[in-house]
Amino acid sequence: MQKRGCTVLSGWIGDASGFMVPVNVFPSVKTILHCSGWMWQRLVVYRQFVKLQVIRPLSPGMLRAAAIICWILMPISVFAVPTETVSPIAEIQSVIRAQQDAWNHGDIDGFMNGYARSPSTVFVAEATITRGWETVRDRYRQKYSDRGKMGTLTFSEIEITLLSPDSAVVLGRWNLERAKDRPHGSFTLIFKRLSEGWRIVHDHTSAAPPTK
């Protein structure tokens, strides 16, 4: 747009740190190529170009007029910052690893963070059905009352199958290394995506017969 010898290419006047789109307000520009950064020229804010010729600062009146015209005519472009999304399988794997690490630090409460804190959470083992997050936690505390009984836990052969965007089934094996024995077995977990993340809502764990 030409007005009184002023060529308004694009942009508006203001704080350069807050710009979302290029700002170019020049009185007379003969050659413009690639841009490289922001600059100030008296009362004019503009993009610096590799090749730029004949730049003269605008008067305050023309500066205000140019700013108003640019504000009215130029669409505002918003560039969204790309965000990385973590896959459900990776999130579930993270929960299982956190449970293993918590157990091996003697932290049963940390281990229980992998379960949904709900009265409907189910744990099945040794032909016994336990319901409720607190009840399941109390069972673990009673059965594994010291570090010797907890041993070192290892999960292996983990298979995760997504049933829906908000549910998954996990199959795997567990192994405990203790001073006098090495109990082991398999488990099937049902995970649900809750407000706090992926959590176990159903745990069916079985133990292999003791080795003679």
# chains A, B, ... in the order shown; residues from 1 in each chain; ligands from 1

call {"tool": "residues_around", "arguments": {"residues": "region 159-168 of chain A", "least_positions_apart": "3", "cutoff": "7 Å", "atoms": "only C-alpha atoms", "output": "MDAnalysis selection string"}}
result
chainID A and resid 89 171:172 190:193

call {"tool": "residues_around", "arguments": {"residues": "Pro183 (chain A)", "least_positions_apart": "3", "cutoff": "7 Å", "atoms": "only C-alpha atoms", "output": "list in words"}}
result
Asn175, Leu176 and Pro210 of chain A

call {"tool": "write_last_selection", "arguments": {"atoms": "N, CA and C atoms", "output": "JSON list (two decimals), in the first residue's frame"}}
result
[["chain", "number", "residue", "atom", "x", "y", "z"],
["A", 175, "ASN", "N", 8.97, -61.86, 39.38],
["A", 175, "ASN", "CA", 9.94, -62.71, 40.06],
["A", 175, "ASN", "C", 10.50, -61.96, 41.27],
["A", 176, "LEU", "N", 10.58, -62.65, 42.42],
["A", 176, "LEU", "CA", 11.17, -62.09, 43.62],
["A", 176, "LEU", "C", 12.44, -62.86, 43.97],
["A", 210, "PRO", "N", 6.03, -73.78, 44.43],
["A", 210, "PRO", "CA", 7.41, -73.69, 44.91],
["A", 210, "PRO", "C", 8.28, -74.75, 44.33]]

call {"tool": "closest_residue", "arguments": {"among": "A:Val122, A:Arg131, A:Gly114, A:Lys149", "to": "Asp203 (chain A)", "atoms": "only C-alpha atoms"}}
result
A:Val122

call {"tool": "atom_distance", "arguments": {"atom1": "CA of Ser156 (chain A)", "atom2": "CA of Ala179 (chain A)"}}
result
20.6 Å

call {"tool": "select_by_dssp", "arguments": {"residues": "region 90-195 of chain A", "states": "strand (DSSP E or B)", "output": "ChimeraX atom specification"}}
result
/A:115,122-125,128-131,152-164,167-177,184-194
